[in-house]
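Structure data (compact mmCIF, C-alpha atoms and all ligand atoms) from final26.txt:
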# COMPACT_ATOMS: atom_id res chain seq x y z
CA MET A 8 0.00 0.00 0.00
CA ASN A 9 1.32 3.47 -0.86
CA ARG A 10 1.62 6.39 1.58
CA PHE A 11 -1.26 8.85 1.56
CA THR A 12 -2.65 11.79 3.50
CA ILE A 13 -6.03 11.81 5.23
CA ALA A 14 -7.84 15.07 4.52
CA THR A 15 -10.80 15.45 6.88
CA ALA A 16 -13.69 17.26 5.21
CA THR A 17 -15.72 19.52 7.50
CA SER A 18 -18.73 19.51 5.16
CA TYR A 19 -19.75 17.86 1.89
CA ASP A 20 -18.94 21.13 0.08
CA ASP A 21 -15.52 21.04 1.70
CA ALA A 22 -15.07 17.42 0.51
CA SER A 23 -15.96 18.42 -3.03
CA ALA A 24 -13.65 21.45 -2.92
CA ILE A 25 -10.72 19.28 -1.76
CA VAL A 26 -11.35 16.75 -4.55
CA LYS A 27 -11.58 19.49 -7.18
CA SER A 28 -8.57 21.52 -5.91
CA ASP A 29 -5.03 20.89 -7.14
CA ARG A 30 -3.89 20.10 -3.58
CA PHE A 31 -3.67 16.38 -4.38
CA ALA A 32 -2.93 14.46 -7.57
CA LEU A 33 -5.31 11.56 -6.87
CA PRO A 34 -7.73 12.26 -4.00
CA ILE A 35 -10.37 9.62 -3.25
CA LEU A 36 -13.48 10.17 -1.18
CA LYS A 37 -13.80 7.84 1.79
CA ALA A 38 -16.90 7.24 3.94
CA GLY A 39 -16.90 4.00 5.97
CA GLY A 40 -13.86 2.97 3.94
CA MET A 41 -14.88 -0.68 3.48
CA ASP A 42 -14.47 -0.68 -0.28
CA VAL A 43 -11.91 2.11 -0.52
CA VAL A 44 -9.51 0.34 1.82
CA ASP A 45 -10.08 -2.95 -0.05
CA HIS A 46 -8.92 -1.17 -3.21
CA LEU A 47 -5.79 0.10 -1.45
CA LYS A 48 -5.00 -3.37 -0.05
CA GLU A 49 -5.63 -4.97 -3.43
CA GLY A 50 -3.17 -2.51 -5.01
CA LEU A 51 -5.83 -1.23 -7.40
CA TRP A 52 -5.80 2.40 -6.26
CA GLU A 53 -2.82 4.47 -5.16
CA PRO A 54 -4.31 7.77 -3.99
CA ASP A 55 -2.15 10.48 -2.43
CA ALA A 56 -5.12 11.54 -0.26
CA LEU A 57 -8.24 10.00 1.21
CA VAL A 58 -10.86 12.70 1.66
CA ASP A 59 -12.70 11.55 4.75
CA VAL A 60 -16.39 12.57 4.80
CA LEU A 61 -17.25 10.93 8.13
CA ARG A 62 -17.32 14.36 9.86
CA ALA A 63 -18.97 16.17 6.95
CA GLU A 64 -22.29 16.48 8.77
CA GLY A 65 -20.76 17.68 12.02
CA GLY A 66 -23.10 15.34 13.86
CA ALA A 67 -25.97 17.77 13.14
CA ALA A 68 -28.26 15.83 10.85
CA ALA A 69 -30.56 13.11 12.12
CA PRO A 70 -29.60 10.18 9.89
CA ILE A 71 -33.19 9.14 9.08
CA GLN A 72 -36.16 11.51 8.84
CA GLU A 73 -39.71 11.31 7.53
CA HIS A 74 -41.38 14.10 5.55
CA ARG A 75 -45.15 14.15 5.10
CA GLU A 76 -46.81 16.29 2.50
CA ALA A 77 -50.36 16.05 1.15
CA GLY A 78 -50.81 12.65 2.75
CA ARG A 79 -47.66 11.26 1.11
CA SER A 80 -44.65 10.13 3.05
CA SER A 81 -41.03 10.28 1.99
CA ILE A 82 -37.92 9.29 3.87
CA ARG A 83 -34.57 11.05 3.94
CA LEU A 84 -31.36 9.28 4.89
CA SER A 85 -28.13 11.15 5.30
CA ALA A 86 -25.39 9.78 3.04
CA LEU A 87 -23.60 8.62 6.18
CA THR A 88 -26.46 6.53 7.56
CA THR A 89 -25.01 3.09 8.20
CA LEU A 90 -26.50 -0.15 6.91
CA ASP A 91 -27.17 -1.14 10.50
CA GLU A 92 -29.08 2.11 11.16
CA ILE A 93 -31.18 1.46 8.03
CA ALA A 94 -31.83 -2.18 8.92
CA THR A 95 -32.87 -1.46 12.50
CA SER A 96 -34.84 1.76 11.93
CA THR A 97 -38.46 1.14 12.91
CA LEU A 98 -39.43 3.99 10.56
CA ILE A 99 -37.81 2.31 7.54
CA GLN A 100 -39.09 -1.11 8.56
CA ALA A 101 -42.62 0.35 8.47
CA ARG A 102 -42.35 2.71 5.48
CA CYS A 103 -40.03 0.76 3.20
CA PRO A 104 -39.43 -2.78 4.48
CA ALA A 105 -37.54 -3.68 1.29
CA LEU A 106 -34.86 -1.14 2.15
CA ALA A 107 -34.56 -2.28 5.78
CA GLN A 108 -34.40 -5.92 4.63
CA SER A 109 -31.82 -5.16 1.93
CA ALA A 110 -29.56 -3.42 4.45
CA GLY A 111 -30.04 -6.13 7.09
CA SER A 112 -29.18 -8.88 4.63
CA ALA A 113 -25.90 -7.29 3.45
CA ALA A 114 -22.46 -8.39 4.55
CA THR A 115 -21.87 -8.95 8.29
CA PRO A 116 -22.84 -7.07 11.47
CA GLN A 117 -19.31 -5.62 11.62
CA VAL A 118 -19.54 -4.31 8.04
CA ARG A 119 -23.09 -3.02 8.54
CA ASN A 120 -21.96 -0.99 11.55
CA VAL A 121 -19.42 0.89 9.42
CA ALA A 122 -20.68 0.84 5.82
CA THR A 123 -22.64 3.93 4.76
CA ALA A 124 -25.61 4.30 2.43
CA ALA A 125 -23.72 6.38 -0.16
CA GLY A 126 -20.69 4.10 -0.01
CA ASN A 127 -22.91 1.06 -0.49
CA LEU A 128 -24.45 2.55 -3.63
CA LEU A 129 -21.06 3.55 -5.02
CA GLN A 130 -19.01 0.46 -4.11
CA ARG A 131 -17.18 -1.05 -7.07
CA PRO A 132 -17.99 -4.50 -8.52
CA ARG A 133 -16.68 -7.71 -6.98
CA CYS A 134 -15.59 -9.33 -10.26
CA TRP A 135 -12.48 -11.35 -9.43
CA TYR A 136 -10.71 -10.23 -12.61
CA TYR A 137 -11.35 -6.57 -11.75
CA ARG A 138 -10.26 -7.17 -8.14
CA SER A 139 -6.98 -8.85 -9.10
CA LYS A 140 -4.22 -6.54 -10.20
CA ASP A 141 -2.84 -9.46 -12.24
CA PHE A 142 -5.66 -9.08 -14.80
CA ASP A 143 -5.57 -6.00 -16.96
CA CYS A 144 -9.25 -6.20 -17.81
CA LEU A 145 -11.43 -3.68 -19.65
CA LYS A 146 -12.22 -1.85 -16.42
CA LYS A 147 -8.53 -1.18 -15.91
CA GLY A 148 -7.77 -0.13 -19.48
CA GLY A 149 -7.10 -3.62 -20.88
CA ASP A 150 -8.49 -5.07 -24.06
CA ARG A 151 -10.82 -7.81 -22.84
CA CYS A 152 -13.33 -9.01 -20.28
CA TYR A 153 -11.67 -12.15 -18.91
CA ALA A 154 -15.03 -13.46 -17.71
CA VAL A 155 -16.09 -14.18 -21.30
CA GLN A 156 -13.60 -17.02 -21.77
CA GLY A 157 -12.84 -17.52 -18.08
CA LEU A 158 -14.63 -18.16 -14.79
CA ASN A 159 -17.99 -16.42 -14.84
CA ARG A 160 -20.01 -18.13 -12.14
CA TYR A 161 -20.79 -14.83 -10.40
CA HIS A 162 -21.16 -12.66 -13.50
CA ALA A 163 -24.05 -11.09 -15.39
CA ILE A 164 -26.89 -12.90 -17.13
CA PHE A 165 -28.29 -9.65 -18.55
CA GLY A 166 -26.65 -6.87 -20.55
CA ASP A 167 -24.61 -6.96 -23.70
CA GLY A 168 -21.24 -6.33 -22.14
CA PRO A 169 -18.58 -5.60 -23.18
CA CYS A 170 -17.86 -6.04 -19.46
CA HIS A 171 -19.92 -8.59 -17.54
CA ILE A 172 -19.77 -7.40 -13.94
CA VAL A 173 -22.82 -7.51 -11.70
CA HIS A 174 -23.88 -4.54 -9.66
CA PRO A 175 -23.09 -5.42 -6.03
CA SER A 176 -25.21 -3.03 -3.94
CA ASN A 177 -28.03 -4.45 -1.82
CA LEU A 178 -29.56 -1.01 -1.31
CA ALA A 179 -29.77 -0.11 -5.01
CA PRO A 180 -32.61 -2.47 -6.07
CA ALA A 181 -34.67 -1.48 -3.02
CA LEU A 182 -34.18 2.22 -3.77
CA MET A 183 -35.04 1.62 -7.43
CA VAL A 184 -38.49 0.28 -6.56
CA ALA A 185 -39.06 3.05 -3.99
CA GLY A 186 -38.24 5.96 -6.31
CA GLY A 187 -34.91 6.70 -4.61
CA VAL A 188 -33.03 9.92 -5.34
CA ALA A 189 -29.41 10.77 -4.49
CA HIS A 190 -28.92 14.39 -3.42
CA LEU A 191 -25.68 15.98 -4.51
CA THR A 192 -23.36 18.86 -3.96
CA GLY A 193 -20.25 20.00 -5.82
CA GLY A 194 -21.67 20.02 -9.36
CA ASP A 195 -24.27 21.79 -11.46
CA ARG A 196 -27.29 19.76 -10.27
CA ASP A 197 -28.61 19.01 -6.86
CA SER A 198 -29.93 15.47 -7.32
CA ILE A 199 -30.04 12.41 -9.53
CA PRO A 200 -32.64 9.60 -9.41
CA ILE A 201 -31.11 6.27 -8.42
CA ALA A 202 -32.62 4.98 -11.71
CA LYS A 203 -30.17 7.30 -13.52
CA LEU A 204 -27.22 6.94 -11.18
CA TYR A 205 -25.68 3.98 -13.02
CA HIS A 206 -24.71 3.32 -16.60
CA THR A 207 -24.15 0.12 -18.54
CA PRO A 208 -20.59 -0.81 -19.61
CA ASP A 209 -21.23 0.16 -23.23
CA ARG A 210 -21.57 3.76 -21.99
CA GLY A 211 -18.22 3.72 -20.21
CA VAL A 212 -16.48 0.65 -18.97
CA ARG A 213 -14.02 2.21 -16.51
CA ASP A 214 -16.68 3.23 -13.97
CA GLU A 215 -20.28 2.34 -13.14
CA HIS A 216 -21.98 5.56 -12.04
CA ASN A 217 -22.90 8.89 -13.58
CA LEU A 218 -21.48 11.21 -10.91
CA LYS A 219 -19.16 13.87 -12.26
CA PRO A 220 -15.74 14.49 -10.72
CA GLY A 221 -16.20 16.37 -7.45
CA GLU A 222 -19.89 15.51 -7.04
CA VAL A 223 -20.62 14.22 -3.55
CA VAL A 224 -23.76 12.45 -2.33
CA THR A 225 -25.18 14.27 0.69
CA ALA A 226 -28.45 12.40 1.24
CA ILE A 227 -30.83 9.86 -0.24
CA THR A 228 -34.60 10.23 -0.35
CA LEU A 229 -37.22 7.64 -1.20
CA ASN A 230 -40.98 7.32 -1.33
CA ALA A 231 -42.75 5.29 1.26
CA ALA A 232 -43.38 1.77 -0.07
CA PRO A 233 -45.03 0.01 2.85
CA ASN A 234 -45.83 -3.09 0.77
CA SER A 235 -42.30 -3.78 -0.32
CA GLY A 236 -39.96 -6.70 0.20
CA PHE A 237 -36.43 -7.86 -0.54
CA TYR A 238 -35.01 -11.34 -0.91
CA ALA A 239 -31.43 -12.41 -1.54
CA ILE A 240 -30.17 -15.88 -2.40
CA LYS A 241 -26.63 -16.47 -1.21
CA GLU A 242 -24.07 -19.24 -1.07
CA LYS A 243 -23.47 -18.45 2.57
CA GLN A 244 -25.73 -16.40 4.79
CA SER A 245 -23.09 -13.93 5.94
CA PHE A 246 -19.78 -12.39 4.80
CA ASP A 247 -20.69 -12.56 1.14
CA TRP A 248 -22.58 -10.79 -1.65
CA PRO A 249 -25.80 -12.36 -2.99
CA LEU A 250 -25.87 -14.62 -6.04
CA VAL A 251 -29.19 -13.05 -6.96
CA MET A 252 -31.40 -10.50 -5.18
CA ALA A 253 -34.79 -8.97 -5.82
CA ALA A 254 -36.71 -5.97 -4.49
CA VAL A 255 -40.43 -5.58 -5.08
CA ALA A 256 -42.88 -2.76 -4.27
CA LEU A 257 -46.56 -3.61 -4.53
CA GLU A 258 -49.79 -1.68 -4.52
CA LEU A 259 -52.43 -4.02 -3.16
CA ASP A 260 -56.18 -3.92 -3.54
CA GLY A 261 -57.12 -6.48 -0.91
CA THR A 262 -55.27 -9.58 -2.00
CA ARG A 263 -55.07 -8.42 -5.65
CA ILE A 264 -51.81 -6.93 -6.91
CA ALA A 265 -52.85 -3.61 -8.46
CA ASN A 266 -49.31 -2.54 -9.37
CA ALA A 267 -45.82 -3.98 -8.96
CA ARG A 268 -42.30 -2.62 -9.40
CA VAL A 269 -39.59 -5.27 -9.55
CA CYS A 270 -35.83 -4.80 -9.60
CA ALA A 271 -33.16 -7.49 -9.55
CA GLY A 272 -29.59 -7.19 -8.31
CA ALA A 273 -26.43 -9.25 -8.91
CA VAL A 274 -27.64 -10.27 -12.37
CA ALA A 275 -26.55 -7.32 -14.54
CA PRO A 276 -23.98 -4.52 -14.52
CA VAL A 277 -26.67 -2.16 -13.19
CA PRO A 278 -29.71 -2.72 -10.94
CA TRP A 279 -32.03 -4.43 -13.41
CA MET A 280 -35.65 -3.35 -13.54
CA LEU A 281 -38.02 -6.09 -14.71
CA PRO A 282 -41.12 -4.29 -16.05
CA ALA A 283 -42.43 -7.45 -17.75
CA VAL A 284 -42.62 -9.16 -14.36
CA GLY A 285 -44.33 -6.13 -12.84
CA GLN A 286 -46.85 -6.19 -15.67
CA ALA A 287 -47.44 -9.94 -15.32
CA LEU A 288 -48.02 -9.61 -11.57
CA ARG A 289 -50.89 -7.16 -12.10
CA ASP A 290 -54.27 -8.58 -11.11
CA VAL A 291 -52.69 -11.74 -9.69
CA SER A 292 -53.89 -12.59 -6.20
CA ILE A 293 -51.20 -12.80 -3.57
CA ASP A 294 -52.77 -16.14 -2.57
CA ASP A 295 -52.50 -17.55 -6.12
CA ASP A 296 -49.14 -19.26 -5.96
CA ALA A 297 -49.34 -20.68 -9.49
CA GLY A 298 -50.14 -17.19 -10.81
CA LEU A 299 -47.21 -15.69 -8.90
CA LYS A 300 -44.84 -18.36 -10.19
CA ALA A 301 -45.99 -17.82 -13.78
CA ALA A 302 -45.51 -14.04 -13.48
CA CYS A 303 -42.08 -14.38 -11.84
CA ALA A 304 -40.96 -16.83 -14.55
CA ARG A 305 -41.00 -13.86 -16.95
CA ALA A 306 -37.91 -12.58 -15.16
CA THR A 307 -35.54 -14.55 -17.34
CA GLN A 308 -36.86 -13.20 -20.67
CA GLY A 309 -33.94 -11.69 -22.54
CA ALA A 310 -31.30 -13.25 -20.29
CA ALA A 311 -28.07 -14.44 -21.91
CA PRO A 312 -26.23 -16.55 -19.35
CA MET A 313 -22.53 -17.25 -19.69
CA SER A 314 -20.88 -20.69 -19.53
CA ASP A 315 -21.06 -21.10 -15.71
CA ASN A 316 -23.96 -18.99 -14.52
CA ALA A 317 -27.17 -20.38 -16.04
CA TYR A 318 -28.08 -21.45 -12.49
CA LYS A 319 -29.08 -17.80 -11.93
CA LEU A 320 -32.00 -18.34 -14.32
CA LYS A 321 -33.47 -20.73 -11.75
CA LEU A 322 -32.70 -18.54 -8.75
CA LEU A 323 -34.07 -15.26 -10.06
CA PRO A 324 -37.80 -16.15 -10.30
CA VAL A 325 -37.56 -17.75 -6.84
CA ALA A 326 -36.00 -14.61 -5.32
CA ILE A 327 -38.66 -12.41 -6.93
CA ARG A 328 -41.57 -14.60 -5.78
CA ARG A 329 -40.25 -14.59 -2.23
CA ALA A 330 -39.77 -10.80 -2.34
CA VAL A 331 -43.39 -10.47 -3.56
CA LEU A 332 -44.62 -12.62 -0.67
CA LYS A 333 -42.57 -10.58 1.81
CA ALA A 334 -43.97 -7.37 0.27
CA ALA A 335 -47.46 -8.71 0.98
CA GLY A 336 -46.50 -9.44 4.57
CA LYS A 337 -46.34 -13.23 4.14
CA GLU A 338 -43.83 -15.49 5.83
CA VAL A 339 -41.33 -17.00 3.40
CA GLU A 340 -39.22 -20.07 3.82
C1 LIG A 401 -17.25 -9.41 3.69
C2 LIG A 401 -18.09 -8.38 3.01
C3 LIG A 401 -19.34 -8.70 2.56
C4 LIG A 401 -20.14 -7.76 1.92
N1 LIG A 401 -21.38 -8.11 1.50
C5 LIG A 401 -22.17 -7.16 0.91
C6 LIG A 401 -23.48 -7.47 0.51
O1 LIG A 401 -23.98 -8.58 0.70
N2 LIG A 401 -24.21 -6.50 -0.08
C7 LIG A 401 -23.72 -5.23 -0.28
O2 LIG A 401 -24.42 -4.37 -0.80
N3 LIG A 401 -22.47 -4.93 0.09
C8 LIG A 401 -21.70 -5.85 0.68
N4 LIG A 401 -20.43 -5.53 1.08
C9 LIG A 401 -19.88 -4.23 0.69
C10 LIG A 401 -20.09 -3.14 1.68
O3 LIG A 401 -21.47 -3.04 2.01
C11 LIG A 401 -19.63 -1.86 1.00
O4 LIG A 401 -18.25 -1.95 0.79
C12 LIG A 401 -19.93 -0.67 1.87
O5 LIG A 401 -21.32 -0.49 1.94
C13 LIG A 401 -19.30 0.57 1.32
O6 LIG A 401 -19.66 1.65 2.17
P1 LIG A 401 -18.53 2.56 2.81
O7 LIG A 401 -19.19 3.65 3.58
O8 LIG A 401 -17.53 1.76 3.55
O9 LIG A 401 -17.91 3.17 1.48
P2 LIG A 401 -16.42 3.53 1.10
O10 LIG A 401 -15.59 2.30 0.98
O11 LIG A 401 -15.90 4.62 2.00
O12 LIG A 401 -16.68 4.16 -0.34
C14 LIG A 401 -17.15 3.35 -1.41
C15 LIG A 401 -17.19 4.20 -2.68
O13 LIG A 401 -18.15 5.22 -2.54
C16 LIG A 401 -17.55 6.51 -2.72
N5 LIG A 401 -18.27 7.37 -1.76
C17 LIG A 401 -18.48 7.14 -0.46
N6 LIG A 401 -19.26 8.10 0.07
C18 LIG A 401 -19.54 8.96 -0.94
C19 LIG A 401 -20.32 10.16 -1.02
N7 LIG A 401 -20.96 10.67 0.05
N8 LIG A 401 -20.41 10.78 -2.22
C20 LIG A 401 -19.79 10.28 -3.32
N9 LIG A 401 -19.01 9.15 -3.29
C21 LIG A 401 -18.92 8.49 -2.10
C22 LIG A 401 -16.08 6.31 -2.41
O14 LIG A 401 -15.26 7.26 -3.06
C23 LIG A 401 -15.85 4.91 -2.94
O15 LIG A 401 -15.64 4.92 -4.34
C24 LIG A 401 -19.65 -6.45 1.74
C25 LIG A 401 -18.36 -6.10 2.21
C26 LIG A 401 -17.60 -7.05 2.85
C27 LIG A 401 -16.25 -6.65 3.36
Kindly return the structure encoded in the file as structure tokens.
Ligand SMILES: Cc1cc2nc3c(=O)[nH]c(=O)nc-3n(C[C@H](O)[C@H](O)[C@H](O)COP(=O)(O)OP(=O)(O)OC[C@H]3O[C@@H](n4cnc5c(N)ncnc54)[C@H](O)[C@@H]3O)c2cc1C
Amino acid sequence: MNRFTIATATSYDDASAIVKSDRFALPILKAGGMDVVDHLKEGLWEPDALVDVLRAEGGAAAPIQEHREAGRSSIRLSALTTLDEIATSTLIQARCPALAQSAGSAATPQVRNVATAAGNLLQRPRCWYYRSKDFDCLKKGGDRCYAVQGLNRYHAIFGDGPCHIVHPSNLAPALMVAGGVAHLTGGDRDSIPIAKLYHTPDRGVRDEHNLKPGEVVTAITLNAAPNSGFYAIKEKQSFDWPLVMAAVALELDGTRIANARVCAGAVAPVPWMLPAVGQALRDVSIDDDAGLKAACARATQGAAPMSDNAYKLKLLPVAIRRAVLKAAGKEVE
């Protein structure tokens, strides 16, 4: 690991100003540091400064707040809200259970105590070729995605490449179905919907998000989605990223699904909305298991699995169906 300075930002504007100044050649923003420090240890990044945002709010902001306007509820999380705070918040459990469940199912208790909401959304992919400095893959300026000919068990089943990473964030699919918005400082706009935060590899393979240099996430807002649920299928229940995950937000009319928004994670380079599944779930009763299974089976339309990951085609409909049941308040196995 190289030597670097820690520059403590006193506000998000200060963090942005430090990043944009010529004080450092390669400054990198650090929140909880879980992914940033991994990159340093893996020898992938050699910054001369880590710009620490952990004191950017000066302890002033309540991490999780509800706003009510005209009978509608929205939730605001500060960028520094930890995964544990999201998972254990009774407000989020009631207003957007999918988000609480997504945070509670991520990583380990130790990671959840440190990892922040913004850092979770902006963590880099876990692809083992990207994470190894021995592979000069497309993401690092090389000429190929090694997953195409190589080991691709954990890679994408959707998207046309040219890079076949999967998006790793648990929070992102839940925020996608709840109309999440990232609030920004340091640029020429003050927010970006989570649905527009990420881009596919064909629109730039070296990074995954659409933040401009110096833009800093200050907060995240979302609409209340009380009938929402999240389900992740994993190889091991802790200390790992999901093989497949799904977030669902329902509007229910009794037991009938009046509307459904469905987003999958860990299957594509970006959080992957599945409008065909949402459409197929409409008018299905939550008690009609055959109907739910038929609707969720639509999830694999358009998938193009690689040599080792066709198993995800079986997992995805299962994860979605279980997320639907959780969204309707049912117990799932
Ligand atoms: C063993 C293990 C298992 C894990 N399992 C999961 C899992 O199942 N699901 C999951 O989602 N994650 C998982 N993770 C990843 C972990 O949740 C993320 O690394 C963590 O959430 C990142 O948050 P952080 O605050 O530490 O971010 P940092 O590491 O500090 O930052 C991550 C990225 O975000 C940028 N950044 C941070 N804050 C801001 C901001 N305010 N504005 C702009 N850019 C910012 C940084 O520059 C950096 O690029 C796991 C991690 C480990 C170690």
Using all atoms listed in the file, which residues of chain A come within 6 Å of ligand LIG 401 (chain A), and what is the closest atom pair for each, with the distance in Å to one decimal? Give it as a Markdown table, sorted by chain and residue number.
| residue | atom | partner | partner_atom | distance |
| --- | --- | --- | --- | --- |
| A:Ile35 | CA | A:LIG401 | O14 | 5.4 |
| A:Leu36 | CA | A:LIG401 | O14 | 3.9 |
| A:Lys37 | CA | A:LIG401 | O11 | 3.8 |
| A:Ala38 | CA | A:LIG401 | O11 | 3.4 |
| A:Gly39 | CA | A:LIG401 | O7 | 3.3 |
| A:Gly40 | CA | A:LIG401 | O11 | 3.3 |
| A:Met41 | CA | A:LIG401 | O8 | 3.6 |
| A:Asp42 | CA | A:LIG401 | O10 | 3.4 |
| A:Val43 | CA | A:LIG401 | O10 | 4.0 |
| A:Ala86 | CA | A:LIG401 | N7 | 5.4 |
| A:Ala113 | CA | A:LIG401 | O1 | 3.6 |
| A:Ala114 | CA | A:LIG401 | N1 | 3.2 |
| A:Ala122 | CA | A:LIG401 | O6 | 3.9 |
| A:Thr123 | CA | A:LIG401 | O7 | 3.7 |
| A:Ala125 | CA | A:LIG401 | N6 | 4.8 |
| A:Gly126 | CA | A:LIG401 | O9 | 3.3 |
| A:Asn127 | CA | A:LIG401 | O5 | 3.3 |
| A:Leu129 | CA | A:LIG401 | O13 | 4.2 |
| A:Gln130 | CA | A:LIG401 | C14 | 4.4 |
| A:Pro175 | CA | A:LIG401 | O2 | 5.5 |
| A:Ser176 | CA | A:LIG401 | O2 | 3.5 |
| A:Asn177 | CA | A:LIG401 | O2 | 3.8 |
| A:Val223 | CA | A:LIG401 | N8 | 3.7 |
| A:Val224 | CA | A:LIG401 | N8 | 3.7 |
| A:Thr225 | CA | A:LIG401 | N7 | 5.6 |
| A:Phe246 | CA | A:LIG401 | C1 | 4.1 |
| A:Asp247 | CA | A:LIG401 | C3 | 4.3 |
| A:Trp248 | CA | A:LIG401 | O1 | 3.5 |
| A:Pro249 | CA | A:LIG401 | O1 | 5.6 |
With distances taken over only C-alpha atoms, which residue among A:Arg119, A:His46, A:Arg289, A:Arg83 lies nearest A:Leu182?
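Counting only C-alpha atoms, the residue closest to A:Leu182 is A:Arg83.
Comparing the minimum interatomic distances between A:Val269 and each of A:Arg328, A:Lys146, A:His216, A:Lys300, counting all atoms listed in the file, we find that A:Arg328 sits nearest.
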Please compute the atom CA of A:Glu49-atom CA of A:Ala239 distance, one decimal, in Å.
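Taking atom CA of A:Glu49 as the start and atom CA of A:Ala239 as the end point, the length is 26.9 Å.
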Which residues are close to stretch 312-325 of chain A, i.e. within 12 Å by all atoms listed in the file, leaving aside same-chain residues fewer than 5 positions away? Reply as a PyMOL selection string.
chain A and resi 154-168+171-173+237-242+249-254+269-275+279+281+284+296+299-307+330-332+339-340
Near-A:Gln108 list (8 Å; only C-alpha atoms; drop same-chain fewer than 4 positions) as a PyMOL selection string:
chain A and resi 94+100+104+112+236-238
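Residue nearest A:Thr192, chosen from A:Arg131, A:Arg263, A:Lys219, A:Arg268 and counting only C-alpha atoms: A:Lys219.
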Pick from A:Asp195, A:Glu222, A:Asp91, A:Glu64: nearest to A:Val26, with only C-alpha atoms counted?
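Between A:Asp195, A:Glu222, A:Asp91, A:Glu64, the residue approaching A:Val26 most closely is A:Glu222.
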Just want the 12 Å neighbourhood of A:Lys203, counted on all atoms listed in the file, with same-chain residues fewer than 5 positions away dropped. Output as a list in words.
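Once the adjacent positions are removed, what remains is Ala179, Leu182, Met183, Gly186, Gly187, Val188, Ala189, Ser198, Glu215, His216, Asn217, Leu218, Val277, Pro278, Trp279 and Met280 of chain A.
For the residues A:Pro220, A:Pro169, A:Gly50, A:Gly193, ranking by smallest atom-to-atom distance to A:Pro34 using all atoms listed in the file places A:Pro220 first.
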Choose the residue, out of A:Arg30, A:Arg213, A:His74, A:Arg10, that has the smallest atom-to-atom separation from A:Lys147; count all atoms listed in the file.
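Result for the nearest residue to A:Lys147: A:Arg213.
For A:Cys170, the list of residues within 7 Å, based on all atoms listed in the file and with local chain neighbours fewer than 4 positions off taken out, reads Leu145, Cys152, Pro208 and Val212 of chain A.
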By how many Å are atom CA of A:Thr12 and atom CA of A:Leu57 apart?
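Atom CA of A:Leu57 lies 6.3 Å from atom CA of A:Thr12.
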Using atom CA of A:Ser81 and atom CA of A:Arg102 as the two end points, give the distance in Å to one decimal.
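Computing it gives 8.4 Å between the two atoms.
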Counting only C-alpha atoms, select every polymer residue within 9 Å of (-44.9, -5.9, 2.7) as defined in the file's coordinates, and provide the selection as a list in words.
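Selection result: Ala101, Cys103, Pro104, Ala105, Ala232, Pro233, Asn234, Ser235, Gly236, Val255, Ala256, Leu257, Ala330, Val331, Leu332, Lys333, Ala334, Ala335, Gly336 and Lys337 of chain A.
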Give me the residues within 8 Å of A:Leu87 as an NGL selection string, counting only C-alpha atoms and dropping any in the same chain fewer than 2 places off.
:A and (38 or 61 or 70 or 84-85 or 89 or 123-125 or 226)
Padded axis-aligned box of stretch 35-40 of chain A (3 Å per side), centre and edge lengths, Å, one decimal, as JSON:
{"center_x": -13.6, "center_y": 6.6, "center_z": 1.4, "size_x": 12.5, "size_y": 13.2, "size_z": 15.2}
Write stretch 332-339 of chain A as a compact mmCIF listing (two decimals), keeping the file's coordinate frame, completed to N, CA, C and O atoms.
# COMPACT_ATOMS: atom_id res chain seq x y z
N LEU A 332 -43.91 -12.13 -1.86
CA LEU A 332 -44.62 -12.62 -0.67
C LEU A 332 -44.26 -11.77 0.56
O LEU A 332 -45.13 -11.40 1.35
N LYS A 333 -42.97 -11.42 0.68
CA LYS A 333 -42.57 -10.58 1.81
C LYS A 333 -43.25 -9.21 1.70
O LYS A 333 -43.69 -8.63 2.71
N ALA A 334 -43.34 -8.68 0.47
CA ALA A 334 -43.97 -7.37 0.27
C ALA A 334 -45.43 -7.40 0.71
O ALA A 334 -45.97 -6.40 1.16
N ALA A 335 -46.05 -8.57 0.58
CA ALA A 335 -47.46 -8.71 0.98
C ALA A 335 -47.59 -9.13 2.44
O ALA A 335 -48.69 -9.46 2.90
N GLY A 336 -46.47 -9.14 3.14
CA GLY A 336 -46.50 -9.44 4.57
C GLY A 336 -46.59 -10.92 4.89
O GLY A 336 -46.94 -11.30 6.01
N LYS A 337 -46.28 -11.77 3.90
CA LYS A 337 -46.34 -13.23 4.14
C LYS A 337 -44.98 -13.72 4.66
O LYS A 337 -43.94 -13.16 4.33
N GLU A 338 -45.05 -14.81 5.39
CA GLU A 338 -43.83 -15.49 5.83
C GLU A 338 -43.24 -16.22 4.62
O GLU A 338 -43.99 -16.80 3.83
N VAL A 339 -41.94 -16.18 4.45
CA VAL A 339 -41.33 -17.00 3.40
C VAL A 339 -40.31 -17.94 4.03
O VAL A 339 -39.76 -17.67 5.08
